[in-house]
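Student: This one is query.cif, mmCIF, C-alpha atoms.
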```
data_coords
#
loop_
_atom_site.label_atom_id
_atom_site.label_comp_id
_atom_site.auth_asym_id
_atom_site.auth_seq_id
_atom_site.Cartn_x
_atom_site.Cartn_y
_atom_site.Cartn_z
CA MET A 671 207.81 107.23 165.81
CA ASP A 672 206.14 104.56 163.66
CA SER A 673 208.54 102.88 161.28
CA VAL A 674 208.93 100.04 158.82
CA THR A 675 211.97 97.78 158.60
CA LEU A 676 213.51 97.07 155.20
CA THR A 677 215.78 94.01 155.00
CA ASP A 678 218.28 93.53 152.18
CA ASN A 679 218.04 89.82 151.33
CA ARG A 680 221.48 89.97 149.73
CA THR A 681 223.30 91.01 152.90
CA GLY A 682 220.78 90.46 155.70
CA LYS A 683 221.22 94.09 156.77
CA SER A 684 218.08 95.91 157.94
CA TYR A 685 217.15 99.57 157.63
CA GLU A 686 214.45 101.54 159.43
CA LEU A 687 212.27 104.04 157.59
CA GLU A 688 209.72 106.37 159.18
CA ILE A 689 206.00 105.99 158.49
CA LEU A 690 204.12 109.24 157.89
CA HIS A 691 200.43 109.60 158.71
CA PRO A 692 198.31 111.94 156.52
CA THR A 693 194.98 113.37 157.65
CA ALA A 694 193.31 111.16 155.02
CA GLY A 695 194.44 108.41 152.70
CA PRO A 696 197.05 105.64 153.08
CA ASP A 697 200.11 105.96 155.30
CA LEU A 698 203.40 106.76 153.59
CA ILE A 699 206.93 105.41 153.94
CA ASP A 700 209.39 108.29 154.12
CA ILE A 701 212.17 107.25 151.73
CA ARG A 702 214.13 110.51 151.77
CA THR A 703 216.99 108.80 153.64
CA LEU A 704 216.80 105.56 151.63
CA TYR A 705 219.73 106.26 149.34
CA LYS A 706 221.89 107.55 152.18
CA GLN A 707 221.15 104.43 154.25
CA THR A 708 221.19 101.77 151.54
CA GLY A 709 222.85 103.18 148.44
CA MET A 710 219.67 102.28 146.51
CA PHE A 711 216.85 104.20 144.82
CA THR A 712 213.23 103.16 144.39
CA TYR A 713 211.92 102.35 140.90
CA ASP A 714 208.43 103.69 140.20
CA PRO A 715 207.59 104.45 136.53
CA GLY A 716 204.75 106.95 136.32
CA PHE A 717 205.09 107.66 140.07
CA THR A 718 202.13 105.37 140.77
CA ALA A 719 203.24 104.74 144.37
CA THR A 720 205.17 107.93 145.10
CA ALA A 721 204.03 111.09 146.89
CA SER A 722 206.12 114.03 145.66
CA CYS A 723 204.80 116.62 148.10
CA SER A 724 202.56 117.38 151.06
CA SER A 725 199.42 119.32 150.19
CA GLU A 726 196.33 120.75 151.87
CA ILE A 727 194.42 121.59 148.70
CA THR A 728 192.65 118.56 147.22
CA TYR A 729 191.94 115.02 148.36
CA ILE A 730 190.76 112.08 146.27
CA ASP A 731 189.62 108.68 147.49
CA GLY A 732 189.55 106.69 144.28
CA ALA A 733 188.01 103.58 145.82
CA LYS A 734 185.07 105.52 147.25
CA GLY A 735 184.75 107.93 144.33
CA GLU A 736 185.35 110.94 146.58
CA LEU A 737 186.79 114.36 145.69
CA ARG A 738 187.22 117.26 148.12
CA TYR A 739 188.60 120.79 147.78
CA ARG A 740 189.97 122.09 151.11
CA GLY A 741 187.78 119.50 152.84
CA TYR A 742 184.53 120.36 151.01
CA ALA A 743 182.84 117.62 148.95
CA ILE A 744 182.76 118.38 145.24
CA GLU A 745 179.02 117.62 145.17
CA ASP A 746 178.29 120.44 147.63
CA LEU A 747 180.54 122.94 145.91
CA ALA A 748 179.25 122.19 142.41
CA LEU A 749 175.59 122.39 143.40
CA LYS A 750 175.65 125.16 146.01
CA LYS A 751 178.58 127.44 145.12
CA SER A 752 179.87 129.30 142.06
CA TYR A 753 183.20 128.78 140.36
CA LEU A 754 184.46 132.05 141.83
CA ASP A 755 183.57 130.75 145.32
CA VAL A 756 185.72 127.73 144.53
CA CYS A 757 188.56 129.88 143.17
CA TYR A 758 188.56 131.93 146.36
CA LEU A 759 188.48 128.74 148.45
CA LEU A 760 191.47 127.23 146.68
CA LEU A 761 193.54 130.43 146.72
CA GLU A 762 192.64 131.71 150.19
CA SER A 763 191.92 128.42 152.03
CA HIS A 764 188.38 129.40 153.04
CA LEU A 765 185.07 130.14 151.35
CA PRO A 766 184.43 133.85 150.85
CA SER A 767 181.88 135.95 152.67
CA THR A 768 179.41 137.88 150.52
CA ASP A 769 181.60 141.00 150.68
CA GLU A 770 184.79 139.04 149.94
CA LEU A 771 183.20 137.36 146.93
CA CYS A 772 181.93 140.69 145.60
CA ALA A 773 185.37 142.30 145.92
CA PHE A 774 187.03 139.27 144.34
CA ASP A 775 184.60 139.32 141.41
CA LYS A 776 185.16 143.04 140.82
CA GLU A 777 188.93 142.64 140.91
CA LEU A 778 188.88 139.84 138.34
CA ARG A 779 186.65 141.87 136.03
CA LYS A 780 189.07 144.80 136.13
CA ARG A 781 192.11 142.59 135.61
CA SER A 782 190.55 140.71 132.67
CA PHE A 783 191.95 143.11 130.06
CA VAL A 784 195.33 142.25 128.52
CA HIS A 785 198.15 144.45 127.25
CA GLU A 786 197.52 145.53 123.65
CA GLY A 787 200.89 144.06 122.70
CA ILE A 788 199.55 140.57 123.42
CA LYS A 789 197.18 140.91 120.47
CA ASN A 790 200.17 141.09 118.12
CA LEU A 791 201.25 137.66 119.31
CA PHE A 792 197.95 136.15 118.17
CA TYR A 793 198.24 137.80 114.76
CA ALA A 794 201.59 136.03 114.28
CA PHE A 795 199.95 132.59 114.39
CA PRO A 796 198.68 130.89 111.21
CA ASP A 797 194.93 130.81 110.69
CA ARG A 798 194.47 127.18 111.71
CA ALA A 799 196.75 127.17 114.74
CA HIS A 800 195.33 125.09 117.58
CA PRO A 801 193.97 127.26 120.44
CA MET A 802 196.05 125.31 122.98
CA ALA A 803 199.27 126.31 121.21
CA MET A 804 198.19 129.94 121.15
CA VAL A 805 197.06 130.09 124.78
CA SER A 806 200.18 128.34 126.06
CA SER A 807 202.34 130.82 124.14
CA ALA A 808 200.30 133.80 125.33
CA VAL A 809 200.53 132.76 128.99
CA SER A 810 204.28 132.30 128.65
CA ALA A 811 204.49 135.73 126.98
CA LEU A 812 202.69 137.30 129.95
CA SER A 813 205.87 136.68 131.93
CA ALA A 814 207.54 139.31 129.71
CA PHE A 815 204.77 141.79 130.47
CA HIS A 816 204.95 141.10 134.21
CA PRO A 817 208.64 140.51 134.98
CA GLU A 818 208.04 141.68 138.56
CA HIS A 819 206.44 138.29 139.28
CA ILE A 820 209.76 136.46 138.85
CA LYS A 821 210.59 137.13 142.51
CA LEU A 822 207.65 137.02 144.88
CA ASN A 823 208.08 137.01 148.64
CA SER A 824 204.72 137.52 150.32
CA GLN A 825 201.16 136.27 150.32
CA ASP A 826 199.99 139.63 148.98
CA GLU A 827 202.37 139.33 146.02
CA TYR A 828 201.23 135.76 145.37
CA ARG A 829 197.65 137.00 145.48
CA VAL A 830 198.20 139.71 142.86
CA MET A 831 200.04 137.33 140.53
CA ALA A 832 197.40 134.61 140.78
CA ARG A 833 194.40 136.89 140.38
CA ARG A 834 195.98 138.63 137.41
CA LEU A 835 196.44 135.40 135.47
CA LEU A 836 193.10 133.94 136.58
CA ALA A 837 191.37 137.07 135.26
CA LYS A 838 193.22 137.22 131.94
CA LEU A 839 193.04 133.58 130.90
CA PRO A 840 189.42 133.69 129.60
CA THR A 841 190.37 136.73 127.51
CA LEU A 842 193.40 134.96 126.06
CA ALA A 843 191.32 131.83 125.39
CA ALA A 844 188.61 133.81 123.60
CA PHE A 845 191.25 135.69 121.57
CA ALA A 846 192.78 132.35 120.50
CA TYR A 847 189.40 131.07 119.35
CA ARG A 848 188.56 134.21 117.40
CA ARG A 849 192.03 134.31 115.83
CA SER A 850 191.48 130.78 114.54
CA LEU A 851 188.34 132.04 112.78
CA GLY A 852 189.85 135.33 111.62
CA ILE A 853 187.12 137.39 113.29
CA PRO A 854 187.54 140.54 115.44
CA PHE A 855 188.57 140.22 119.06
CA ILE A 856 185.97 141.11 121.68
CA TYR A 857 187.15 142.80 124.86
CA PRO A 858 185.83 141.74 128.27
CA SER A 859 182.68 143.34 129.62
CA LEU A 860 182.83 144.78 133.12
CA GLU A 861 179.11 144.11 133.43
CA ARG A 862 179.38 140.32 133.08
CA SER A 863 180.37 137.54 135.46
CA TYR A 864 183.41 135.30 134.95
CA SER A 865 181.75 132.43 133.06
CA GLU A 866 179.31 134.69 131.25
CA ASN A 867 182.16 136.92 130.09
CA PHE A 868 183.96 134.04 128.45
CA LEU A 869 180.88 132.99 126.48
CA TYR A 870 180.34 136.64 125.55
CA MET A 871 183.90 137.05 124.24
CA MET A 872 183.52 133.80 122.29
CA ARG A 873 180.19 134.64 120.65
CA ALA A 874 179.70 138.39 120.35
CA TYR A 875 180.43 140.76 117.51
CA PRO A 876 181.40 144.44 117.85
CA GLU A 877 178.57 146.68 119.03
CA GLN A 878 176.37 143.65 119.75
CA ASP A 879 174.48 143.51 123.04
CA LEU A 880 174.53 139.74 123.33
CA SER A 881 172.22 137.95 125.75
CA ILE A 882 173.39 134.68 127.30
CA SER A 883 170.97 132.47 129.21
CA GLU A 884 171.43 131.70 132.89
CA VAL A 885 171.20 128.00 132.04
CA GLU A 886 174.26 128.22 129.80
CA ILE A 887 176.22 130.25 132.35
CA ARG A 888 175.44 127.76 135.11
CA ALA A 889 176.43 124.79 132.94
CA LEU A 890 179.83 126.28 132.07
CA ASP A 891 180.37 127.46 135.65
CA THR A 892 179.75 123.90 136.89
CA ILE A 893 182.24 122.46 134.41
CA PHE A 894 184.87 124.98 135.58
CA THR A 895 184.22 123.97 139.20
CA LEU A 896 184.57 120.26 138.47
CA HIS A 897 187.93 120.83 136.76
CA ALA A 898 189.37 123.26 139.32
CA ASP A 899 191.91 120.89 140.88
CA HIS A 900 192.67 117.17 141.02
CA GLU A 901 195.65 116.40 143.24
CA GLN A 902 199.06 115.72 141.65
CA ASN A 903 197.99 114.84 138.11
CA ALA A 904 200.36 115.12 135.14
CA SER A 905 199.82 118.83 134.45
CA THR A 906 199.89 119.84 138.13
CA THR A 907 203.07 117.85 138.64
CA THR A 908 204.51 119.66 135.62
CA VAL A 909 203.61 123.04 137.11
CA ARG A 910 205.24 122.11 140.41
CA SER A 911 208.34 120.71 138.67
CA VAL A 912 208.90 123.84 136.61
CA ALA A 913 208.11 126.06 139.60
CA SER A 914 210.71 124.20 141.68
CA THR A 915 213.43 125.62 139.43
CA GLY A 916 212.49 129.20 140.30
CA ALA A 917 211.04 129.92 136.85
CA HIS A 918 208.47 132.67 136.36
CA PRO A 919 205.07 131.43 137.64
CA TYR A 920 203.46 132.10 134.26
CA ALA A 921 206.12 129.94 132.60
CA ALA A 922 205.19 127.15 135.01
CA ILE A 923 201.48 127.53 134.18
CA SER A 924 202.29 127.54 130.47
CA ALA A 925 204.11 124.24 130.93
CA GLY A 926 201.05 122.88 132.71
CA ILE A 927 198.89 123.87 129.75
CA ASP A 928 201.20 121.96 127.41
CA ALA A 929 201.04 118.88 129.64
CA LEU A 930 197.25 119.09 129.74
CA TRP A 931 197.06 119.11 125.94
CA GLY A 932 197.77 115.38 125.64
CA ARG A 933 194.84 113.16 124.74
CA ALA A 934 195.64 110.92 127.72
CA HIS A 935 195.02 113.93 130.00
CA GLY A 936 193.02 117.06 129.16
CA GLY A 937 192.52 116.22 125.51
CA ALA A 938 190.37 113.22 126.33
CA ASN A 939 187.01 115.03 126.19
CA GLU A 940 187.74 116.12 122.63
CA SER A 941 188.49 112.49 121.78
CA VAL A 942 185.22 111.31 123.38
CA ILE A 943 183.07 113.50 121.15
CA ALA A 944 185.08 112.55 118.08
CA GLN A 945 184.54 108.89 118.94
CA LEU A 946 180.80 109.29 119.55
CA GLU A 947 180.53 110.95 116.14
CA PHE A 948 182.58 108.12 114.63
CA ILE A 949 180.33 105.43 116.17
CA GLY A 950 177.42 107.42 114.80
CA SER A 951 174.41 105.34 115.82
CA VAL A 952 173.15 103.21 118.70
CA ASP A 953 173.04 100.34 116.20
CA ASN A 954 176.85 100.39 116.06
CA VAL A 955 177.51 100.44 119.81
CA ASP A 956 177.67 96.67 120.39
CA LYS A 957 180.21 96.29 117.60
CA PHE A 958 182.54 98.86 119.15
CA ILE A 959 182.07 97.42 122.64
CA GLU A 960 183.27 94.07 121.27
CA ARG A 961 186.22 95.77 119.60
CA THR A 962 187.17 97.27 122.97
CA LYS A 963 187.20 93.80 124.52
CA ASN A 964 189.26 92.27 121.72
CA PRO A 965 192.94 92.16 122.82
CA ASP A 966 194.06 92.08 119.18
CA ASP A 967 192.18 95.29 118.33
CA ASP A 968 193.82 98.61 119.25
CA PHE A 969 190.43 100.37 119.51
CA LYS A 970 189.98 102.00 122.92
CA LEU A 971 186.67 103.25 124.28
CA MET A 972 187.27 106.85 125.33
CA GLY A 973 185.76 108.31 128.49
CA PHE A 974 185.93 105.14 130.60
CA GLY A 975 188.34 104.36 133.41
CA HIS A 976 190.62 106.63 135.41
CA ARG A 977 194.11 106.41 136.85
CA VAL A 978 192.83 107.19 140.36
CA TYR A 979 189.09 106.45 140.46
CA LYS A 980 188.16 102.78 140.76
CA ASN A 981 184.55 103.76 141.30
CA PHE A 982 182.23 106.19 139.51
CA ASP A 983 184.07 109.52 139.04
CA PRO A 984 182.08 111.88 141.32
CA ARG A 985 182.48 114.67 138.76
CA ALA A 986 180.96 112.41 136.12
CA LYS A 987 177.92 111.80 138.34
CA ILE A 988 177.37 115.54 138.65
CA LEU A 989 177.69 116.12 134.91
CA LYS A 990 175.41 113.19 134.12
CA ALA A 991 172.69 114.71 136.30
CA LEU A 992 173.32 118.14 134.79
CA LEU A 993 173.08 116.68 131.30
CA ASP A 994 169.72 115.11 132.11
CA GLU A 995 168.49 118.41 133.50
CA LEU A 996 169.72 120.60 130.67
CA LYS A 997 169.49 118.38 127.60
CA LEU A 998 166.43 120.18 126.24
CA GLU A 999 167.19 123.64 127.61
CA ILE A 1000 170.62 123.99 125.99
CA GLY A 1001 170.07 121.83 122.94
CA VAL A 1002 172.21 118.75 123.52
CA ASP A 1003 172.73 116.70 120.36
CA LEU A 1004 170.13 114.03 121.07
CA GLU A 1005 171.57 111.54 118.58
CA LEU A 1006 175.02 111.69 120.19
CA LEU A 1007 173.38 111.57 123.60
CA GLU A 1008 171.57 108.35 122.67
CA VAL A 1009 174.85 106.81 121.51
CA ALA A 1010 176.49 107.84 124.79
CA ARG A 1011 173.60 106.47 126.86
CA LYS A 1012 173.74 103.14 125.02
CA ILE A 1013 177.50 102.86 125.57
CA GLU A 1014 177.05 103.66 129.25
CA GLU A 1015 174.23 101.12 129.63
CA VAL A 1016 176.19 98.31 127.98
CA ALA A 1017 179.49 99.09 129.72
CA LEU A 1018 178.01 99.31 133.22
CA SER A 1019 176.40 95.88 132.86
CA ASP A 1020 179.24 94.13 131.03
CA GLU A 1021 181.54 91.87 133.09
CA TYR A 1022 184.58 93.06 131.13
CA PHE A 1023 184.12 96.66 132.32
CA ILE A 1024 182.89 95.74 135.81
CA LYS A 1025 185.88 93.49 136.51
CA ARG A 1026 188.32 96.21 135.41
CA LYS A 1027 186.42 98.96 137.27
CA LEU A 1028 186.00 100.96 134.06
CA TYR A 1029 183.36 103.52 134.99
CA PRO A 1030 182.45 106.62 132.96
CA ASN A 1031 184.72 109.55 133.80
CA ILE A 1032 184.22 113.32 133.56
CA ASP A 1033 185.32 113.42 129.91
CA PHE A 1034 182.47 111.11 128.87
CA TYR A 1035 179.85 113.73 129.72
CA SER A 1036 181.62 117.11 129.55
CA GLY A 1037 182.00 117.09 125.79
CA LEU A 1038 178.25 116.70 125.25
CA ILE A 1039 177.54 119.74 127.42
CA LEU A 1040 180.30 121.81 125.80
CA SER A 1041 178.95 120.91 122.35
CA ALA A 1042 175.51 122.08 123.45
CA LEU A 1043 177.11 125.38 124.52
CA LYS A 1044 178.30 125.70 120.89
CA ILE A 1045 181.93 125.39 121.92
CA PRO A 1046 183.88 123.63 119.14
CA LYS A 1047 185.87 120.47 119.87
CA GLU A 1048 189.24 122.18 119.49
CA MET A 1049 188.29 124.46 122.41
CA PHE A 1050 187.34 121.63 124.81
CA THR A 1051 190.81 121.37 126.32
CA ILE A 1052 190.93 125.15 126.63
CA ILE A 1053 187.83 124.91 128.86
CA PHE A 1054 189.78 122.44 130.98
CA VAL A 1055 192.64 124.99 131.17
CA LEU A 1056 190.28 127.74 132.34
CA GLY A 1057 188.86 125.56 135.09
CA ARG A 1058 192.18 124.05 136.18
CA SER A 1059 194.18 127.32 136.18
CA VAL A 1060 193.13 128.16 139.74
CA GLY A 1061 194.30 124.73 140.90
CA TRP A 1062 197.68 125.21 139.27
CA LEU A 1063 198.03 128.65 140.84
CA SER A 1064 197.07 127.31 144.27
CA GLN A 1065 199.57 124.49 143.91
CA TRP A 1066 202.27 126.96 142.82
CA ILE A 1067 201.64 129.12 145.90
CA GLU A 1068 201.65 126.10 148.20
CA LEU A 1069 205.00 124.99 146.79
CA GLN A 1070 206.55 128.42 147.47
CA GLN A 1071 205.39 128.21 151.08
CA ASP A 1072 206.74 124.68 151.58
CA GLU A 1073 209.87 124.85 153.73
CA GLN A 1074 210.87 121.39 152.50
CA LYS A 1075 210.64 122.20 148.78
CA ARG A 1076 213.48 121.10 146.54
CA ILE A 1077 214.06 121.18 142.83
CA ALA A 1078 212.32 118.25 141.14
CA ARG A 1079 215.00 115.76 140.14
CA PRO A 1080 213.91 112.09 139.80
CA ARG A 1081 216.57 109.42 139.44
CA GLN A 1082 216.68 106.67 136.81
CA ARG A 1083 217.34 103.01 136.24
CA TYR A 1084 220.19 103.08 133.73
CA MET A 1085 220.09 100.19 131.24
CA GLY A 1086 222.55 101.41 128.62
CA LYS A 1087 226.06 100.33 127.73
CA THR A 1088 228.91 100.97 130.15
CA SER A 1089 232.67 101.40 129.83
CA LYS A 1090 232.84 101.57 126.02
CA SER A 1091 236.22 102.41 124.56
CA LEU A 1092 237.05 104.36 121.42
#
```
As structure tokens, please, write out the structure in this file.

Tutor:
Amino acid sequence: MDSVTLTDNRTGKSYELEILHPTAGPDLIDIRTLYKQTGMFTYDPGFTATASCSSEITYIDGAKGELRYRGYAIEDLALKKSYLDVCYLLLESHLPSTDELCAFDKELRKRSFVHEGIKNLFYAFPDRAHPMAMVSSAVSALSAFHPEHIKLNSQDEYRVMARRLLAKLPTLAAFAYRRSLGIPFIYPSLERSYSENFLYMMRAYPEQDLSISEVEIRALDTIFTLHADHEQNASTTTVRSVASTGAHPYAAISAGIDALWGRAHGGANESVIAQLEFIGSVDNVDKFIERTKNPDDDFKLMGFGHRVYKNFDPRAKILKALLDELKLEIGVDLELLEVARKIEEVALSDEYFIKRKLYPNIDFYSGLILSALKIPKEMFTIIFVLGRSVGWLSQWIELQQDEQKRIARPRQRYMGKTSKSL
């Protein structure tokens, strides 16, 4: 057994802790016995140096700019496979055969309809309710419609639960959007693919035979793929934490949606577009770059830097190439694109950004493509939810199968008053 020795400088006493070796990434010090041995906890705000679980789903090498799902490079999956291929991979641990993919697709189409009672929930929201609030509430409400999922004991039961929610989320998302506009809901079409169906339910009107271009479908499908999973980020950690209590899986996913809503997480792409619109012109870029570098200015350039990636976000590279390919075909706002290109050009050559390893991330490009798909800014984070839902579900299933799982219960560094008397 490999181990590391920890010496308490106060007492001179030494303690031995096991070193764990992953299949990829840095070695880990197993601190599960630390408190028992030493009477001390570790202190790690934001869990920047703490692994909370073992996982076989997703691997990121931030220094190299590498992202893999079940061992497959994101570049290969995004360019050669569909989002449903990726969903099957994450849920079933292998890529589907042609027959498996066909059966999976058909099952999701049939499960995409929601209970009529769910519609009443949407009608209860005010007209200008944010779609994230509505979708989070609707997913949580699904636990009332499927109480049988509170106690699942087999892979087959996990499979039904996961596929049911994966199928219904685009319908709930489209309902939330249409409720915000006060226009009639559109039911799913059994004749349309997963990504196409979502665009159809967003755009169509009753009795309309709406045509959606293959270019648009492929663009949205790629965005879903790039968002499918991303290790133990804030929302995934939230899903796992809630799931560790034994809560209904849909309650755990709803909590993940709420965590994703924050502008420091899934809400960042909405902020990027808002900022590009605020900057307005390439003539203003240098001024805002200087504001970013000014320590006395609270202006922050959105879409640059990442908690994990200290190289170019591989997802951003894919979207940048896709944006170049599709900018004329899907009608990208060329003025905003020019502003974005100028920011990218300046930032990638500026010592301030280079020294801090502030590269463009996925949010910098995704908003431009979503805008071209005529998806409003308030729906950007919902798109993130649709893509990430399969990752959350895969992580939930993996947690249930983990023989070492325990309820999430971090400790604290108490700094308050002690021994006060009345």

Student: When the PyMOL selection byres ((chain A and resi 1074) around 12) is applied to the file above, which residues end up in the set, as a CSV table (one decimal) with C-alpha atoms, in the coordinates of the input?

Tutor:
```csv
chain,number,residue,atom,x,y,z
A,702,ARG,CA,214.1,110.5,151.8
A,722,SER,CA,206.1,114.0,145.7
A,723,CYS,CA,204.8,116.6,148.1
A,724,SER,CA,202.6,117.4,151.1
A,725,SER,CA,199.4,119.3,150.2
A,914,SER,CA,210.7,124.2,141.7
A,1068,GLU,CA,201.6,126.1,148.2
A,1069,LEU,CA,205.0,125.0,146.8
A,1070,GLN,CA,206.6,128.4,147.5
A,1071,GLN,CA,205.4,128.2,151.1
A,1072,ASP,CA,206.7,124.7,151.6
A,1073,GLU,CA,209.9,124.8,153.7
A,1075,LYS,CA,210.6,122.2,148.8
A,1076,ARG,CA,213.5,121.1,146.5
A,1077,ILE,CA,214.1,121.2,142.8
A,1078,ALA,CA,212.3,118.2,141.1
```

Student: On this structure, which residues satisfy the PyMOL selection byres ((chain A and resi 771-779) around 9), written as a list of chain:residue names?

Tutor: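 Evaluating the PyMOL selection byres ((chain A and resi 771-779) around 9) on these coordinates yields A:Leu754, A:Asp755, A:Tyr758, A:Leu765, A:Pro766, A:Ser767, A:Thr768, A:Asp769, A:Glu770, A:Lys780, A:Arg781, A:Ser782, A:Phe783, A:Arg833, A:Arg834, A:Leu836, A:Ala837, A:Lys838, A:Pro858, A:Ser859, A:Leu860, A:Glu861, A:Arg862, A:Ser863, A:Tyr864, A:Asn867.
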
Student: Mind telling me what the PyMOL selection byres ((chain A and resi 788-799) around 8) catches here, as a PyMOL selection string?

Tutor: chain A and resi 784-787+800-801+803-804+808+811-812+845-846+849-852

Student: Wanna dump the segment 721-836 of chain A-segment 966-986 of chain A contacts at 7 Å for me, each residue with its shortest atom pair and the distance in Å to one decimal, counting all atoms listed in the file, ordered by chain and number, as CSV?

Tutor:
```
residue,atom,partner,partner_atom,distance
A:Gly732,CA,A:Tyr979,CA,3.9
A:Ala733,CA,A:Lys980,CA,5.1
A:Lys734,CA,A:Asn981,CA,6.2
A:Gly735,CA,A:Asn981,CA,5.2
A:Glu736,CA,A:Pro984,CA,6.3
A:Leu737,CA,A:Pro984,CA,6.9
```

Student: Could you please take those selected residues and save C-alpha atoms as an mmCIF file, in the coordinates of the input?

Tutor:
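Heads up, here's the output in again_5.cif:
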```
data_model
loop_
_atom_site.group_PDB
_atom_site.id
_atom_site.type_symbol
_atom_site.label_atom_id
_atom_site.label_comp_id
_atom_site.auth_asym_id
_atom_site.auth_seq_id
_atom_site.Cartn_x
_atom_site.Cartn_y
_atom_site.Cartn_z
ATOM 1 C CA GLY A 732 189.550 106.690 144.280
ATOM 2 C CA ALA A 733 188.010 103.580 145.820
ATOM 3 C CA LYS A 734 185.070 105.520 147.250
ATOM 4 C CA GLY A 735 184.750 107.930 144.330
ATOM 5 C CA GLU A 736 185.350 110.940 146.580
ATOM 6 C CA LEU A 737 186.790 114.360 145.690
#
```

Student: Could you work out how far atom CA of Arg1011 of chain A lies from atom CA of Val942 of chain A, giving the answer in Å with one decimal?

Tutor: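 Going from atom CA of Val942 of chain A over to atom CA of Arg1011 of chain A covers 13.1 Å.
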
Student: Can you tell me which residues surround Leu1043 of chain A at a distance of at most 10 Å, considering all atoms listed in the file, apart from same-chain residues fewer than 5 positions away, and format the answer as a list in words?

Tutor: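 In the requested form, the answer reads Leu869, Val885, Glu886, Ile887, Ala889, Leu890, Ile1000, Gly1001, Val1002, Gly1037 and Leu1038 of chain A.
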
Student: Can you pull out the residues contacting segment 875-884 of chain A? Cut-off 9 Å, using all atoms listed in the file, and skip same-chain residues under 4 positions away; I want them as a list in words.

Tutor: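 Contacts, in chain order: Ile853, Pro854, Phe855, Ile856, Glu866, Leu869, Tyr870, Met871, Arg888 and Ala889 of chain A.
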
Student: Find the spatial neighbours of Thr908 of chain A, counting all atoms listed in the file, within a cut-off of 9 Å - ignore same-chain residues fewer than 2 positions away - and output them as an NGL selection string.

Tutor: :A and (903-906 or 910-913 or 922-923 or 925-926 or 929)

Student: Restricting the calculation to only C-alpha atoms, which member of A:Arg1083, A:Arg933, A:Lys1012, A:Lys1090 is positioned closest to Met710 of chain A?

Tutor: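 Among the listed residues, the smallest separation from Met710 of chain A belongs to A:Arg1083.
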
Student: Determine the nearest neighbour of Gln902 of chain A from the options A:Ser752, A:Thr720, A:Thr962, A:Ser1036, counting only C-alpha atoms.

Tutor: A:Thr720

Student: What does the structure give for the distance between atom CA of Ser810 of chain A and atom CA of Ile1053 of chain A, in Å to one decimal?

Tutor: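 That distance, rounded to one decimal, is 18.0 Å.
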
Student: When you count only C-alpha atoms, which of these residues is closest to Asn954 of chain A: A:Val1009, A:Leu1004, A:Ser1091, A:Asp714?

Tutor: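 Between A:Val1009, A:Leu1004, A:Ser1091, A:Asp714, the residue approaching Asn954 of chain A most closely is A:Val1009.
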
Student: Pick from A:Ala1017, A:Ile1045, A:Val1055, A:Val952: nearest to Ser924 of chain A, with all atoms listed in the file counted?

Tutor: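 Once distances to Ser924 of chain A are computed over all atoms listed in the file, the minimum belongs to A:Val1055.
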
Student: Could you please determine the separation between atom CA of Arg740 of chain A and atom CA of Tyr753 of chain A in Å, to one decimal place?

Tutor: 14.4 Å
